[in-house]
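Have a look at start02.txt; it's compact mmCIF, C-alpha atoms:
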# COMPACT_ATOMS: atom_id res chain seq x y z
CA MET A 677 -9.61 49.58 32.10
CA PHE A 678 -6.44 48.36 30.45
CA LEU A 679 -6.89 44.92 32.01
CA THR A 680 -10.48 44.52 30.72
CA THR A 681 -9.46 45.59 27.22
CA TYR A 682 -6.62 43.10 27.34
CA ARG A 683 -8.97 40.30 28.45
CA LEU A 684 -11.48 41.24 25.73
CA LEU A 685 -8.79 41.15 23.02
CA LEU A 686 -7.48 37.85 24.37
CA ALA A 687 -10.99 36.35 24.29
CA VAL A 688 -11.52 37.58 20.71
CA PHE A 689 -8.17 36.12 19.67
CA VAL A 690 -9.01 32.74 21.23
CA LEU A 691 -12.39 32.68 19.47
CA ILE A 692 -10.86 33.59 16.10
CA SER A 693 -8.18 30.92 16.41
CA PHE A 694 -10.81 28.36 17.45
CA PHE A 695 -13.00 29.12 14.41
CA ASN A 696 -10.00 29.11 12.06
CA SER A 697 -8.93 25.69 13.30
CA ALA A 698 -12.50 24.38 12.91
CA LEU A 699 -12.67 25.71 9.34
CA ALA A 700 -9.25 24.27 8.53
CA ALA A 701 -10.40 20.87 9.77
CA ASP A 702 -13.43 21.08 7.49
CA ASN A 703 -11.30 22.02 4.46
CA ASP A 704 -8.86 19.11 4.91
CA SER A 705 -10.50 16.52 2.70
CA GLU A 706 -9.13 13.01 2.62
CA ALA A 707 -8.41 11.65 -0.84
CA SER A 708 -7.07 8.29 -1.97
CA ILE A 709 -6.27 6.80 -5.35
CA THR A 710 -5.72 3.15 -6.28
CA LEU A 711 -4.20 1.56 -9.35
CA SER A 712 -4.92 -1.82 -10.87
CA PRO A 713 -2.59 -3.53 -11.71
CA GLN A 714 0.04 -2.00 -9.44
CA PHE A 715 3.01 -3.60 -11.17
CA CYS A 716 4.00 -5.24 -14.46
CA ILE A 717 6.65 -7.91 -14.95
CA THR A 718 8.25 -7.89 -18.38
CA SER A 719 9.45 -11.00 -20.19
CA ALA A 720 13.02 -11.55 -21.35
CA GLU A 721 12.03 -11.10 -25.01
CA GLU A 722 9.67 -8.15 -24.54
CA GLN A 723 11.10 -5.47 -22.27
CA SER A 724 7.96 -3.30 -22.19
CA CYS A 725 4.48 -3.62 -20.73
CA ASP A 726 1.41 -3.30 -22.94
CA LEU A 727 -1.50 -3.09 -20.50
CA THR A 728 -4.67 -1.30 -19.48
CA VAL A 729 -4.53 0.36 -16.07
CA VAL A 730 -7.58 1.38 -14.06
CA LEU A 731 -7.40 4.29 -11.62
CA ASN A 732 -10.07 4.55 -8.90
CA TRP A 733 -10.28 7.37 -6.39
CA GLU A 734 -12.33 8.47 -3.41
CA ILE A 735 -12.65 12.00 -2.04
CA ASP A 736 -14.54 13.08 1.07
CA THR A 737 -15.83 16.29 -0.51
CA PRO A 738 -17.27 16.37 -4.05
CA THR A 739 -14.42 17.75 -6.15
CA THR A 740 -13.65 17.69 -9.85
CA VAL A 741 -10.18 16.20 -10.32
CA CYS A 742 -7.48 15.96 -12.96
CA ILE A 743 -5.06 13.06 -13.43
CA MET A 744 -1.51 13.73 -14.60
CA SER A 745 1.36 11.34 -15.21
CA ASP A 746 5.04 11.43 -16.11
CA HIS A 747 4.49 9.09 -19.10
CA GLU A 748 5.24 10.87 -22.37
CA SER A 749 2.20 9.60 -24.28
CA LEU A 750 -0.41 10.30 -21.57
CA THR A 751 -1.80 13.81 -21.48
CA LYS A 752 -3.50 15.54 -18.57
CA TRP A 753 -7.03 14.20 -18.11
CA CYS A 754 -9.74 16.13 -16.22
CA ALA A 755 -13.10 14.78 -15.08
CA ASP A 756 -16.28 16.41 -16.36
CA SER A 757 -18.11 16.17 -13.04
CA PRO A 758 -17.41 15.47 -9.36
CA THR A 759 -19.30 12.16 -9.65
CA THR A 760 -16.58 10.59 -11.84
CA HIS A 761 -14.39 8.30 -9.72
CA SER A 762 -12.47 6.09 -12.18
CA LEU A 763 -10.34 6.21 -15.32
CA SER A 764 -9.13 3.45 -17.63
CA LEU A 765 -5.96 3.96 -19.69
CA ALA A 766 -4.26 1.77 -22.30
CA MET A 767 -0.52 2.23 -22.26
CA LEU A 768 2.81 0.84 -23.41
CA THR A 769 5.76 1.50 -21.11
CA ASP A 770 9.17 0.14 -20.20
CA LYS A 771 9.69 2.17 -17.01
CA ASP A 772 7.78 3.14 -13.87
CA VAL A 773 4.87 5.58 -14.29
CA GLN A 774 3.75 8.03 -11.59
CA PHE A 775 0.10 9.18 -11.50
CA VAL A 776 -0.95 12.28 -9.55
CA MET A 777 -4.51 13.40 -8.77
CA VAL A 778 -4.99 17.18 -8.42
CA ASP A 779 -7.95 19.43 -7.71
CA LYS A 780 -9.15 20.97 -10.98
CA GLU A 781 -9.84 24.44 -9.52
CA THR A 782 -7.04 24.87 -6.96
CA HIS A 783 -4.40 22.61 -8.62
CA GLN A 784 -3.65 21.20 -5.17
CA THR A 785 -2.17 17.69 -5.16
CA LEU A 786 -4.66 15.30 -3.54
CA ALA A 787 -3.05 11.85 -3.94
CA GLY A 788 -0.60 9.85 -6.01
CA VAL A 789 0.17 6.28 -7.03
CA LYS A 790 2.94 4.53 -8.99
CA LEU A 791 2.90 1.73 -11.59
CA LYS A 792 6.07 -0.33 -11.14
CA VAL A 793 7.66 -2.08 -14.13
CA THR A 794 9.98 -4.94 -13.21
CA PRO A 795 12.06 -6.89 -15.74
CA THR A 796 12.38 -10.63 -15.25
CA ALA A 797 15.73 -11.95 -14.11
CA GLU A 798 17.84 -14.01 -16.46
CA PRO A 799 17.72 -17.72 -15.63
CA GLN A 800 20.62 -18.74 -13.43
CA VAL A 801 23.01 -21.27 -14.97
CA ARG A 802 24.29 -23.83 -12.50
CA ARG A 803 28.01 -24.19 -12.40
CA ARG A 804 29.45 -27.66 -12.52
CA TYR A 805 31.46 -28.34 -9.42
CA ARG A 806 33.19 -31.45 -10.74
CA ASN A 807 35.90 -31.03 -13.32
CA PRO A 808 35.15 -32.77 -16.64
CA TRP A 809 38.71 -34.13 -16.89
CA SER A 810 38.63 -36.04 -13.61
CA LEU A 811 40.39 -39.40 -13.69
CA PHE A 812 37.92 -41.10 -11.36

Conversion result in structure tokens:
Amino acid sequence: MFLTTYRLLLAVFVLISFFNSALAADNDSEASITLSPQFCITSAEEQSCDLTVVLNWEIDTPTTVCIMSDHESLTKWCADSPTTHSLSLAMLTDKDVQFVMVDKETHQTLAGVKLKVTPTAEPQVRRRYRNPWSLF
């Protein structure tokens, strides 16, 4: 009797773990976000980027998302419906900006992307190898 009860409990445990893993696989939605442009190169005179960035995202399951960033002038933006899949932002920045996409209901982080700001290098001045006072 003890052996059959043990086998029954083991079978129930195996079935429960199987269904939990199947449900977990269904809940793991793949999400990706892209940024255009991905980087900005500043000029020597102007050390900041004045540009319009476009964020596009794809999610396997229809989910309403919010976009947050570490830029001081950009506030949290949330989509009105799950069918919205892009956002256009005008911004002025002199340092890298991180964008994060989160689920509106669960606040779970889905994906992230970074805008990289790169200053231009100063032009290299060639050194003269010959001395100007040479006698020859």

Residue list as a list in words for point (7.4, -1.0, -11.9), cut-off 10 Å, only C-alpha atoms: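 Residues with an atom close enough to that point: Gln714, Phe715, Cys716, Ile717, Thr718, Cys725, Thr769, Asp770, Lys771, Asp772, Val773, Gln774, Lys790, Leu791, Lys792, Val793, Thr794 and Pro795 of chain A.
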
Distance in Å - CA of Thr759 in chain A versus CA of Thr728 in chain A: 22.2 Å

Closest of A:Thr785, A:Gln723, A:Ser712, A:Asn732 to Ser762 in chain A - atom-to-atom distances counting all atoms listed in the file: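 The answer is A:Asn732, which sits nearest to Ser762 in chain A.
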
Proximity to Thr739 in chain A - best of A:Thr751, A:Thr796, A:Ser757, A:Gln784, only C-alpha atoms: A:Ser757

How close does each residue of range 748-778 of chain A get to range 740-743 of chain A, giving the shortest atom pair and distance in Å to one decimal for every residue with an atom at most 6 Å away, counting all atoms listed in the file, sorted by chain and residue number, as JSON lines?
{"residue": "A:Lys752", "atom": "CA", "partner": "A:Ile743", "partner_atom": "CA", "distance": 5.9}
{"residue": "A:Trp753", "atom": "CA", "partner": "A:Ile743", "partner_atom": "CA", "distance": 5.2}
{"residue": "A:Cys754", "atom": "CA", "partner": "A:Cys742", "partner_atom": "CA", "distance": 4.0}
{"residue": "A:Ala755", "atom": "CA", "partner": "A:Val741", "partner_atom": "CA", "distance": 5.8}
{"residue": "A:Ser757", "atom": "CA", "partner": "A:Thr740", "partner_atom": "CA", "distance": 5.7}
{"residue": "A:Pro758", "atom": "CA", "partner": "A:Thr740", "partner_atom": "CA", "distance": 4.4}
{"residue": "A:Val776", "atom": "CA", "partner": "A:Ile743", "partner_atom": "CA", "distance": 5.7}
{"residue": "A:Met777", "atom": "CA", "partner": "A:Ile743", "partner_atom": "CA", "distance": 4.7}
{"residue": "A:Val778", "atom": "CA", "partner": "A:Cys742", "partner_atom": "CA", "distance": 5.3}

d(CA of Ser749 in chain A, CA of Leu786 in chain A) in Å: 22.6 Å
